[in-house]
$ cat coords.cif   # mmCIF, C-alpha atoms and all ligand atoms
data_structure
#
loop_
_atom_site.group_PDB
_atom_site.id
_atom_site.type_symbol
_atom_site.label_atom_id
_atom_site.label_comp_id
_atom_site.auth_asym_id
_atom_site.auth_seq_id
_atom_site.Cartn_x
_atom_site.Cartn_y
_atom_site.Cartn_z
ATOM 1 C CA MET A 1 84.421 84.113 93.629
ATOM 2 C CA ASN A 2 87.750 85.277 92.208
ATOM 3 C CA ILE A 3 89.431 88.180 93.970
ATOM 4 C CA LEU A 4 92.488 89.858 92.450
ATOM 5 C CA VAL A 5 94.802 92.077 94.497
ATOM 6 C CA LEU A 6 97.575 93.956 92.708
ATOM 7 C CA GLY A 7 100.707 95.269 94.401
ATOM 8 C CA ASP A 8 101.773 98.907 94.669
ATOM 9 C CA VAL A 9 101.400 100.664 91.297
ATOM 10 C CA VAL A 10 104.418 102.910 90.723
ATOM 11 C CA GLY A 11 104.308 106.156 88.735
ATOM 12 C CA SER A 12 102.748 107.035 85.421
ATOM 13 C CA SER A 13 104.123 103.962 83.621
ATOM 14 C CA GLY A 14 102.536 101.748 86.306
ATOM 15 C CA VAL A 15 99.179 103.493 85.930
ATOM 16 C CA LYS A 16 99.394 103.191 82.141
ATOM 17 C CA ALA A 17 100.063 99.438 82.424
ATOM 18 C CA ILE A 18 97.027 98.988 84.696
ATOM 19 C CA LYS A 19 94.833 100.900 82.239
ATOM 20 C CA GLU A 20 96.051 98.759 79.359
ATOM 21 C CA LYS A 21 96.248 95.343 80.982
ATOM 22 C CA LEU A 22 93.779 95.131 83.863
ATOM 23 C CA PRO A 23 90.669 94.729 81.647
ATOM 24 C CA LYS A 24 92.373 91.784 79.902
ATOM 25 C CA ILE A 25 93.359 90.175 83.238
ATOM 26 C CA ILE A 26 89.786 90.544 84.562
ATOM 27 C CA LYS A 27 88.372 88.908 81.448
ATOM 28 C CA GLU A 28 90.876 86.074 81.075
ATOM 29 C CA LYS A 29 90.987 85.125 84.756
ATOM 30 C CA LYS A 30 87.249 85.661 85.344
ATOM 31 C CA ILE A 31 87.845 88.129 88.183
ATOM 32 C CA ASP A 32 84.856 89.272 90.254
ATOM 33 C CA PHE A 33 86.546 91.852 92.471
ATOM 34 C CA VAL A 34 89.726 93.898 92.068
ATOM 35 C CA ILE A 35 91.805 95.671 94.719
ATOM 36 C CA VAL A 36 94.842 97.738 93.762
ATOM 37 C CA ASN A 37 97.366 99.304 96.120
ATOM 38 C CA GLY A 38 97.712 102.785 94.636
ATOM 39 C CA GLU A 39 99.796 104.772 97.095
ATOM 40 C CA ASN A 40 102.734 105.177 94.661
ATOM 41 C CA ALA A 41 100.665 105.998 91.593
ATOM 42 C CA ALA A 42 101.373 109.732 91.368
ATOM 43 C CA ASP A 43 103.902 110.874 88.753
ATOM 44 C CA SER A 44 106.461 111.428 91.530
ATOM 45 C CA GLY A 45 106.109 107.770 92.655
ATOM 46 C CA VAL A 46 104.672 108.766 96.020
ATOM 47 C CA GLY A 47 101.021 109.531 96.737
ATOM 48 C CA ILE A 48 97.882 109.234 94.660
ATOM 49 C CA THR A 49 95.863 111.867 92.778
ATOM 50 C CA LYS A 50 92.157 111.957 92.049
ATOM 51 C CA LYS A 51 92.973 111.358 88.377
ATOM 52 C CA ASN A 52 94.924 108.201 89.336
ATOM 53 C CA THR A 53 91.892 106.868 91.212
ATOM 54 C CA GLU A 54 89.642 107.572 88.217
ATOM 55 C CA ASP A 55 92.048 105.714 85.924
ATOM 56 C CA PHE A 56 92.089 102.699 88.259
ATOM 57 C CA PHE A 57 88.293 102.615 88.599
ATOM 58 C CA SER A 58 87.695 102.919 84.870
ATOM 59 C CA ALA A 59 90.109 100.022 84.254
ATOM 60 C CA GLY A 60 87.955 97.794 86.500
ATOM 61 C CA THR A 61 89.317 98.361 90.017
ATOM 62 C CA ASP A 62 86.735 98.127 92.814
ATOM 63 C CA VAL A 63 88.792 99.352 95.770
ATOM 64 C CA ILE A 64 92.148 101.134 96.133
ATOM 65 C CA THR A 65 94.316 100.602 99.208
ATOM 66 C CA SER A 66 97.328 102.645 100.278
ATOM 67 C CA GLY A 67 99.922 103.042 103.022
ATOM 68 C CA ASN A 68 102.594 105.393 104.329
ATOM 69 C CA HIS A 69 102.490 107.668 101.244
ATOM 70 C CA ILE A 70 98.743 108.259 101.347
ATOM 71 C CA TRP A 71 99.017 112.011 102.012
ATOM 72 C CA ASP A 72 101.988 112.809 99.767
ATOM 73 C CA GLU A 73 99.680 114.495 97.222
ATOM 74 C CA LYS A 74 97.972 117.438 98.903
ATOM 75 C CA GLU A 75 94.587 116.893 97.204
ATOM 76 C CA THR A 76 94.160 113.379 98.669
ATOM 77 C CA MET A 77 93.128 114.584 102.141
ATOM 78 C CA LYS A 78 90.209 116.401 100.539
ATOM 79 C CA PHE A 79 88.887 113.952 97.967
ATOM 80 C CA ILE A 80 89.262 110.861 100.176
ATOM 81 C CA THR A 81 86.344 112.090 102.308
ATOM 82 C CA GLU A 82 84.054 111.737 99.274
ATOM 83 C CA GLU A 83 85.683 108.731 97.612
ATOM 84 C CA LYS A 84 84.954 105.802 99.918
ATOM 85 C CA ARG A 85 86.569 103.338 97.503
ATOM 86 C CA LEU A 86 89.997 104.764 98.378
ATOM 87 C CA LEU A 87 91.217 103.489 101.750
ATOM 88 C CA ARG A 88 93.956 104.908 103.957
ATOM 89 C CA PRO A 89 95.540 102.754 106.698
ATOM 90 C CA GLN A 90 93.002 101.976 109.422
ATOM 91 C CA ASN A 91 95.562 102.588 112.166
ATOM 92 C CA LEU A 92 96.640 106.122 111.199
ATOM 93 C CA ILE A 93 96.837 108.439 114.203
ATOM 94 C CA LYS A 94 93.310 109.605 114.967
ATOM 95 C CA PRO A 95 91.643 111.695 113.733
ATOM 96 C CA SER A 96 92.539 111.225 110.060
ATOM 97 C CA PRO A 97 90.345 111.916 107.054
ATOM 98 C CA GLY A 98 88.887 109.020 105.092
ATOM 99 C CA GLU A 99 88.305 105.421 106.132
ATOM 100 C CA GLY A 100 90.593 102.467 106.727
ATOM 101 C CA PHE A 101 88.038 99.871 105.800
ATOM 102 C CA GLY A 102 84.786 99.490 103.958
ATOM 103 C CA ILE A 103 82.293 96.887 102.832
ATOM 104 C CA PHE A 104 81.778 96.973 99.090
ATOM 105 C CA GLU A 105 79.545 95.095 96.671
ATOM 106 C CA SER A 106 81.060 93.075 93.837
ATOM 107 C CA LYS A 107 79.571 94.171 90.519
ATOM 108 C CA SER A 108 79.347 90.766 88.881
ATOM 109 C CA ASN A 109 77.733 88.726 91.659
ATOM 110 C CA LYS A 110 76.611 91.240 94.336
ATOM 111 C CA LYS A 111 78.702 89.800 97.161
ATOM 112 C CA ARG A 112 79.762 91.872 100.186
ATOM 113 C CA VAL A 113 83.540 92.266 100.215
ATOM 114 C CA ALA A 114 85.112 93.893 103.278
ATOM 115 C CA VAL A 115 88.523 95.417 102.683
ATOM 116 C CA VAL A 116 90.767 96.679 105.479
ATOM 117 C CA ASN A 117 94.050 98.501 105.019
ATOM 118 C CA LEU A 118 96.606 98.234 107.840
ATOM 119 C CA MET A 119 100.094 99.686 108.217
ATOM 120 C CA GLY A 120 102.955 98.044 110.110
ATOM 121 C CA ASN A 121 104.434 99.440 113.314
ATOM 122 C CA ILE A 122 108.095 99.161 112.349
ATOM 123 C CA PHE A 123 109.987 101.502 109.963
ATOM 124 C CA MET A 124 106.749 103.195 108.939
ATOM 125 C CA LYS A 125 105.018 106.462 109.812
ATOM 126 C CA LYS A 126 103.970 106.747 113.453
ATOM 127 C CA CYS A 127 100.582 105.124 113.773
ATOM 128 C CA GLU A 128 98.296 103.379 116.260
ATOM 129 C CA ASP A 129 99.478 99.859 117.145
ATOM 130 C CA VAL A 130 98.628 97.708 114.140
ATOM 131 C CA PHE A 131 98.032 94.486 116.085
ATOM 132 C CA LYS A 132 95.604 96.087 118.526
ATOM 133 C CA GLU A 133 93.790 97.730 115.598
ATOM 134 C CA ALA A 134 93.654 94.421 113.696
ATOM 135 C CA LYS A 135 92.221 92.625 116.737
ATOM 136 C CA LYS A 136 89.569 95.303 117.150
ATOM 137 C CA PHE A 137 88.656 94.979 113.471
ATOM 138 C CA ILE A 138 88.260 91.217 113.571
ATOM 139 C CA GLU A 139 86.093 91.410 116.683
ATOM 140 C CA ASN A 140 83.715 93.752 114.853
ATOM 141 C CA ILE A 141 83.659 92.404 111.308
ATOM 142 C CA ARG A 142 82.854 88.702 111.072
ATOM 143 C CA LEU A 143 83.226 86.558 107.989
ATOM 144 C CA LYS A 144 79.860 85.430 106.540
ATOM 145 C CA LYS A 145 77.961 87.540 109.089
ATOM 146 C CA ASP A 146 79.047 91.083 108.240
ATOM 147 C CA ALA A 147 80.701 90.317 104.901
ATOM 148 C CA ASP A 148 80.855 87.414 102.444
ATOM 149 C CA PHE A 149 84.607 87.882 101.959
ATOM 150 C CA ILE A 150 87.248 89.847 103.867
ATOM 151 C CA VAL A 151 90.542 91.083 102.421
ATOM 152 C CA VAL A 152 93.388 92.507 104.517
ATOM 153 C CA ASP A 153 96.115 94.647 102.918
ATOM 154 C CA MET A 154 98.938 94.713 105.461
ATOM 155 C CA HIS A 155 101.255 97.487 104.287
ATOM 156 C CA GLY A 156 104.568 96.969 106.029
ATOM 157 C CA GLU A 157 108.319 96.849 105.760
ATOM 158 C CA ILE A 158 108.886 93.894 108.082
ATOM 159 C CA THR A 159 108.223 90.315 106.974
ATOM 160 C CA SER A 160 107.719 89.093 110.563
ATOM 161 C CA GLU A 161 104.888 91.567 111.239
ATOM 162 C CA LYS A 162 103.142 90.458 108.062
ATOM 163 C CA MET A 163 103.478 86.754 108.849
ATOM 164 C CA ALA A 164 102.220 87.290 112.399
ATOM 165 C CA MET A 165 99.253 89.149 110.949
ATOM 166 C CA GLY A 166 98.558 86.144 108.720
ATOM 167 C CA TYR A 167 98.217 83.926 111.806
ATOM 168 C CA LEU A 168 96.100 86.475 113.670
ATOM 169 C CA PHE A 169 93.604 86.459 110.811
ATOM 170 C CA ASP A 170 93.861 82.785 109.768
ATOM 171 C CA GLY A 171 90.382 81.277 109.439
ATOM 172 C CA LYS A 172 88.755 84.666 110.026
ATOM 173 C CA VAL A 173 89.322 86.386 106.682
ATOM 174 C CA THR A 174 89.566 85.353 103.041
ATOM 175 C CA MET A 175 93.075 86.661 102.460
ATOM 176 C CA VAL A 176 95.948 88.616 103.993
ATOM 177 C CA VAL A 177 98.304 90.218 101.486
ATOM 178 C CA GLY A 178 101.413 92.201 102.242
ATOM 179 C CA THR A 179 102.343 95.333 100.311
ATOM 180 C CA HIS A 180 104.979 98.109 100.480
ATOM 181 C CA THR A 181 108.356 96.424 99.872
ATOM 182 C CA HIS A 182 107.797 96.340 96.077
ATOM 183 C CA VAL A 183 109.469 92.915 95.949
ATOM 184 C CA PRO A 184 107.202 89.892 95.395
ATOM 185 C CA THR A 185 107.665 86.942 97.713
ATOM 186 C CA SER A 186 106.973 83.365 96.668
ATOM 187 C CA ASP A 187 105.352 82.205 99.927
ATOM 188 C CA HIS A 188 101.759 82.425 98.677
ATOM 189 C CA ARG A 189 99.722 79.677 100.273
ATOM 190 C CA ILE A 190 96.540 78.781 102.087
ATOM 191 C CA MET A 191 97.167 78.804 105.838
ATOM 192 C CA GLU A 192 95.995 75.997 108.151
ATOM 193 C CA LYS A 193 92.570 77.481 108.848
ATOM 194 C CA GLY A 194 91.819 78.510 105.283
ATOM 195 C CA THR A 195 93.084 82.078 104.800
ATOM 196 C CA ALA A 196 95.122 82.852 101.688
ATOM 197 C CA TYR A 197 98.419 84.561 102.466
ATOM 198 C CA ILE A 198 101.426 86.208 100.808
ATOM 199 C CA THR A 199 104.100 88.279 102.550
ATOM 200 C CA ASP A 200 104.388 90.771 99.682
ATOM 201 C CA LEU A 201 102.635 91.060 96.346
ATOM 202 C CA GLY A 202 105.485 93.014 94.757
ATOM 203 C CA MET A 203 104.893 96.149 92.714
ATOM 204 C CA CYS A 204 103.324 96.994 89.395
ATOM 205 C CA GLY A 205 106.262 98.956 88.059
ATOM 206 C CA ASP A 206 109.576 98.831 86.241
ATOM 207 C CA TYR A 207 111.739 96.190 87.953
ATOM 208 C CA ASN A 208 114.927 97.485 86.290
ATOM 209 C CA SER A 209 115.067 99.966 89.103
ATOM 210 C CA VAL A 210 115.512 100.216 92.865
ATOM 211 C CA ILE A 211 112.021 99.328 94.099
ATOM 212 C CA GLY A 212 110.506 101.293 91.210
ATOM 213 C CA MET A 213 112.791 104.318 91.390
ATOM 214 C CA ASP A 214 115.495 105.288 88.882
ATOM 215 C CA ARG A 215 118.437 103.003 89.681
ATOM 216 C CA ASP A 216 121.345 105.365 88.799
ATOM 217 C CA ASN A 217 119.869 108.132 90.882
ATOM 218 C CA SER A 218 119.222 105.716 93.766
ATOM 219 C CA LEU A 219 122.853 104.587 93.691
ATOM 220 C CA LYS A 220 124.003 108.218 93.744
ATOM 221 C CA ARG A 221 121.887 108.779 96.818
ATOM 222 C CA PHE A 222 123.275 105.703 98.553
ATOM 223 C CA PHE A 223 126.766 107.140 97.938
ATOM 224 C CA ASN A 224 125.652 110.596 99.152
ATOM 225 C CA ASP A 225 126.635 111.968 95.735
ATOM 226 C CA PRO A 226 125.531 115.629 95.684
ATOM 227 C CA SER A 227 124.271 115.247 92.092
ATOM 228 C CA GLY A 228 121.671 112.709 93.326
ATOM 229 C CA LYS A 229 118.138 114.079 93.074
ATOM 230 C CA ARG A 230 114.944 113.312 94.873
ATOM 231 C CA HIS A 231 113.850 109.749 93.984
ATOM 232 C CA TYR A 232 111.827 109.527 90.782
ATOM 233 C CA PRO A 233 110.161 106.525 89.121
ATOM 234 C CA ALA A 234 111.871 104.406 86.491
ATOM 235 C CA THR A 235 109.846 104.464 83.294
ATOM 236 C CA GLY A 236 110.818 101.247 81.511
ATOM 237 C CA GLU A 237 108.544 98.308 80.842
ATOM 238 C CA VAL A 238 106.199 97.556 83.691
ATOM 239 C CA THR A 239 105.678 94.129 85.228
ATOM 240 C CA ILE A 240 102.333 93.670 86.944
ATOM 241 C CA CYS A 241 102.360 91.586 90.135
ATOM 242 C CA GLY A 242 99.482 90.367 92.254
ATOM 243 C CA LEU A 243 97.569 87.433 93.654
ATOM 244 C CA ILE A 244 94.316 85.831 92.589
ATOM 245 C CA VAL A 245 92.359 83.994 95.245
ATOM 246 C CA ASN A 246 89.483 81.729 94.431
ATOM 247 C CA ALA A 247 87.268 81.956 97.505
ATOM 248 C CA ASP A 248 84.548 79.588 98.653
ATOM 249 C CA GLU A 249 81.082 81.151 98.572
ATOM 250 C CA LYS A 250 79.906 79.082 101.555
ATOM 251 C CA THR A 251 82.803 79.658 103.953
ATOM 252 C CA GLY A 252 84.373 82.844 102.570
ATOM 253 C CA LEU A 253 87.777 81.139 102.879
ATOM 254 C CA ALA A 254 90.308 80.384 100.149
ATOM 255 C CA ASN A 255 90.110 77.424 97.777
ATOM 256 C CA LYS A 256 93.093 78.336 95.637
ATOM 257 C CA VAL A 257 95.849 80.955 95.385
ATOM 258 C CA GLU A 258 97.475 81.925 92.122
ATOM 259 C CA PRO A 259 100.173 84.582 91.858
ATOM 260 C CA ILE A 260 100.252 86.565 88.636
ATOM 261 C CA ILE A 261 103.338 88.158 87.162
ATOM 262 C CA LEU A 262 102.728 89.812 83.828
ATOM 263 C CA GLY A 263 105.684 91.458 82.121
ATOM 264 C CA LYS A 264 109.146 90.587 80.887
ATOM 265 C CA SER A 265 111.405 91.674 83.761
ATOM 266 C CA LEU A 266 110.504 88.789 86.075
ATOM 267 C CA GLN A 267 109.660 85.214 85.223
ATOM 268 C CA GLU A 268 106.117 85.463 83.943
ATOM 269 C CA ARG A 269 103.256 83.629 85.658
ATOM 270 C CA PHE A 270 100.026 84.132 83.855
HETATM 271 FE FE FE A 301 104.475 102.096 101.118
#
$ encode --input "coords.cif" --output "structure tokens" --more "lines below"
Ligand SMILES: [Fe+2]
Amino acid sequence: MNILVLGDVVGSSGVKAIKEKLPKIIKEKKIDFVIVNGENAADSGVGITKKNTEDFFSAGTDVITSGNHIWDEKETMKFITEEKRLLRPQNLIKPSPGEGFGIFESKSNKKRVAVVNLMGNIFMKKCEDVFKEAKKFIENIRLKKDADFIVVDMHGEITSEKMAMGYLFDGKVTMVVGTHTHVPTSDHRIMEKGTAYITDLGMCGDYNSVIGMDRDNSLKRFFNDPSGKRHYPATGEVTICGLIVNADEKTGLANKVEPIILGKSLQERF
């Protein structure tokens, strides 16, 4: 079973790259299940529209995760109640529309894949304690009993929270991937008890930018230059970043981890 998770897709150029390149990645890497973090997919670089979700699904995505920008497009609060394949963080302050996890069926081989979306406690929107929520989740959803594979998207700013989450879930889920910082880390590995882990997948966006946003405008804002505008996405060539995990059908744990970086701005790994 090959599971691909792609990092935060930024703006219209990011969405366009997913539409163009994801089908090729699925075919070449023999991917059975695709998860995309889509919370920056809107044209503004924050939030996700219904049209964005349709574009991701038609390109081959099975589930879309999100994070702190989930409600930045007004329409999302409405359509998320009908679109179960779009997840918001599980630990949002209750009550919140939509779901933070789901169990989905892979199209190619009919396996049950549980996906949970968590959001860190530090430097993020106010939310329920992520560690308590994660513990509750893992007590209720058991690998091989409730699902054949379990994927955790830990959306957070802080590397330590993400690493700690890796250990909390080690041996109990297929993979823990970090999202949100838009910078890929190179610490992908299989942890001691068999869970695949990476601190951050990086983004699917233009890396000649400040985390996906126009770099000149970002600099103006850092200098408090009054001509600086609201952040807007950079629109140059997109580099797609993510992680492929080959998971064992018997144990649900990871056999192999392979980062993918597709695009010219970073050193390619494909
Ligand atoms: Fe985020």
$ closest_atom_pairs --input "coords.cif" --of "chain A" --to "ligand FE 301 (chain A)" --cutoff "10 Å" --atoms "all atoms listed in the file" --output "Markdown table"
| residue | atom | partner | partner_atom | distance |
| --- | --- | --- | --- | --- |
| A:Asp8 | CA | A:FE301 | FE | 7.7 |
| A:Asn37 | CA | A:FE301 | FE | 9.1 |
| A:Gly38 | CA | A:FE301 | FE | 9.4 |
| A:Glu39 | CA | A:FE301 | FE | 6.7 |
| A:Asn40 | CA | A:FE301 | FE | 7.4 |
| A:Val46 | CA | A:FE301 | FE | 8.4 |
| A:Gly47 | CA | A:FE301 | FE | 9.3 |
| A:Ser66 | CA | A:FE301 | FE | 7.2 |
| A:Gly67 | CA | A:FE301 | FE | 5.0 |
| A:Asn68 | CA | A:FE301 | FE | 5.0 |
| A:His69 | CA | A:FE301 | FE | 5.9 |
| A:Ile70 | CA | A:FE301 | FE | 8.4 |
| A:Met119 | CA | A:FE301 | FE | 8.7 |
| A:Gly120 | CA | A:FE301 | FE | 10.0 |
| A:Met124 | CA | A:FE301 | FE | 8.2 |
| A:Lys125 | CA | A:FE301 | FE | 9.7 |
| A:His155 | CA | A:FE301 | FE | 6.5 |
| A:Gly156 | CA | A:FE301 | FE | 7.1 |
| A:Glu157 | CA | A:FE301 | FE | 8.0 |
| A:Thr179 | CA | A:FE301 | FE | 7.1 |
| A:His180 | CA | A:FE301 | FE | 4.1 |
| A:Thr181 | CA | A:FE301 | FE | 7.0 |
| A:His182 | CA | A:FE301 | FE | 8.3 |
$ residues_around --input "coords.cif" --residues "Met1 (chain A)" --least-positions-apart "4" --cutoff "9 Å" --atoms "only C-alpha atoms" --output "MDAnalysis selection string"
chainID A and resid 30:33 109 111 245:249
$ atom_distance --input "coords.cif" --atom1 "CA of Met154 (chain A)" --atom2 "CA of Lys110 (chain A)"
25.2 Å
$ resolve_selection --input "coords.cif" --expression "the PyMOL selection byres (((chain A and resi 127) around 6) and not hetatm)" --output "number ranges by chain"
A: 91-93, 126, 128
$ resolve_selection --input "coords.cif" --expression "the PyMOL selection byres (((chain A and resi 176) around 8) and not hetatm)" --output "list of chain:residue names"
A:Val151, A:Val152, A:Asp153, A:Met154, A:Met165, A:Gly166, A:Phe169, A:Val173, A:Thr174, A:Met175, A:Val177, A:Gly178, A:Thr195, A:Ala196, A:Tyr197, A:Ile198
$ resolve_selection --input "coords.cif" --expression "the PyMOL selection byres (((chain A and resi 133) around 12) and not hetatm)" --output "number ranges by chain"
A: 89-94, 100-101, 116-121, 127-132, 134-140, 154, 165, 168
$ closest_residue --input "coords.cif" --among "A:Arg85, A:Arg215, A:Lys78, A:Arg269" --to "Pro233 (chain A)" --atoms "only C-alpha atoms"
A:Arg215
$ closest_residue --input "coords.cif" --among "A:Ile261, A:Ser44, A:Phe123, A:Lys162" --to "Met213 (chain A)" --atoms "all atoms listed in the file"
A:Ser44
$ atom_distance --input "coords.cif" --atom1 "CA of Gly60 (chain A)" --atom2 "CA of Ser209 (chain A)"
27.3 Å
$ closest_residue --input "coords.cif" --among "A:Met191, A:Ile244, A:Ile122, A:Ala234" --to "Ser12 (chain A)" --atoms "all atoms listed in the file"
A:Ala234
$ build_atoms --input "coords.cif" --residues "region 91-112 of chain A" --atoms "N, CA, C and O atoms" --output "short mmCIF file (atom, residue, chain, number, x, y, z; two decimals), in the coordinates of the input"
data_model
loop_
_atom_site.label_atom_id
_atom_site.label_comp_id
_atom_site.auth_asym_id
_atom_site.auth_seq_id
_atom_site.Cartn_x
_atom_site.Cartn_y
_atom_site.Cartn_z
N ASN A 91 94.92 102.23 110.90
CA ASN A 91 95.56 102.59 112.17
C ASN A 91 96.37 103.88 112.09
O ASN A 91 97.31 104.07 112.87
N LEU A 92 96.02 104.79 111.17
CA LEU A 92 96.64 106.12 111.20
C LEU A 92 96.27 106.78 112.52
O LEU A 92 95.23 106.47 113.10
N ILE A 93 97.12 107.70 112.96
CA ILE A 93 96.84 108.44 114.20
C ILE A 93 95.49 109.15 114.04
O ILE A 93 95.22 109.78 113.01
N LYS A 94 94.64 109.01 115.05
CA LYS A 94 93.31 109.60 114.97
C LYS A 94 93.33 111.07 115.40
O LYS A 94 94.12 111.41 116.28
N PRO A 95 92.54 111.98 114.84
CA PRO A 95 91.64 111.70 113.73
C PRO A 95 92.37 111.88 112.40
O PRO A 95 93.24 112.71 112.27
N SER A 96 92.00 111.09 111.42
CA SER A 96 92.54 111.22 110.06
C SER A 96 91.37 111.19 109.10
O SER A 96 90.41 110.45 109.33
N PRO A 97 91.45 111.96 108.02
CA PRO A 97 90.34 111.92 107.05
C PRO A 97 90.25 110.55 106.37
O PRO A 97 91.23 109.81 106.33
N GLY A 98 89.08 110.27 105.83
CA GLY A 98 88.89 109.02 105.09
C GLY A 98 88.64 107.84 106.01
O GLY A 98 88.49 107.98 107.23
N GLU A 99 88.60 106.65 105.39
CA GLU A 99 88.30 105.42 106.13
C GLU A 99 89.40 104.40 105.87
O GLU A 99 90.00 104.37 104.80
N GLY A 100 89.60 103.52 106.87
CA GLY A 100 90.59 102.47 106.73
C GLY A 100 89.99 101.14 106.32
O GLY A 100 90.69 100.18 106.02
N PHE A 101 88.67 101.08 106.34
CA PHE A 101 88.04 99.87 105.80
C PHE A 101 86.64 100.21 105.28
O PHE A 101 86.08 101.26 105.57
N GLY A 102 86.13 99.30 104.48
CA GLY A 102 84.79 99.49 103.96
C GLY A 102 84.24 98.14 103.53
O GLY A 102 84.99 97.16 103.40
N ILE A 103 82.92 98.10 103.38
CA ILE A 103 82.29 96.89 102.83
C ILE A 103 81.70 97.29 101.50
O ILE A 103 80.91 98.24 101.41
N PHE A 104 82.12 96.60 100.46
CA PHE A 104 81.78 96.97 99.09
C PHE A 104 81.02 95.82 98.43
O PHE A 104 81.13 94.68 98.87
N GLU A 105 80.30 96.15 97.37
CA GLU A 105 79.54 95.10 96.67
C GLU A 105 80.24 94.76 95.36
O GLU A 105 80.60 95.66 94.59
N SER A 106 80.45 93.47 95.11
CA SER A 106 81.06 93.08 93.84
C SER A 106 80.03 93.28 92.73
O SER A 106 78.86 92.95 92.91
N LYS A 107 80.50 93.82 91.61
CA LYS A 107 79.57 94.17 90.52
C LYS A 107 78.97 92.93 89.87
O LYS A 107 77.78 92.87 89.61
N SER A 108 79.81 91.92 89.66
CA SER A 108 79.35 90.77 88.88
C SER A 108 78.34 89.90 89.64
O SER A 108 77.36 89.43 89.08
N ASN A 109 78.58 89.68 90.95
CA ASN A 109 77.73 88.73 91.66
C ASN A 109 77.15 89.25 92.98
O ASN A 109 76.64 88.47 93.78
N LYS A 110 77.26 90.58 93.17
CA LYS A 110 76.61 91.24 94.34
C LYS A 110 76.97 90.62 95.69
O LYS A 110 76.11 90.42 96.54
N LYS A 111 78.23 90.30 95.86
CA LYS A 111 78.70 89.80 97.16
C LYS A 111 79.27 90.96 97.97
O LYS A 111 79.78 91.93 97.41
N ARG A 112 79.21 90.83 99.31
CA ARG A 112 79.76 91.87 100.19
C ARG A 112 81.23 91.56 100.47
O ARG A 112 81.55 90.54 101.08
#
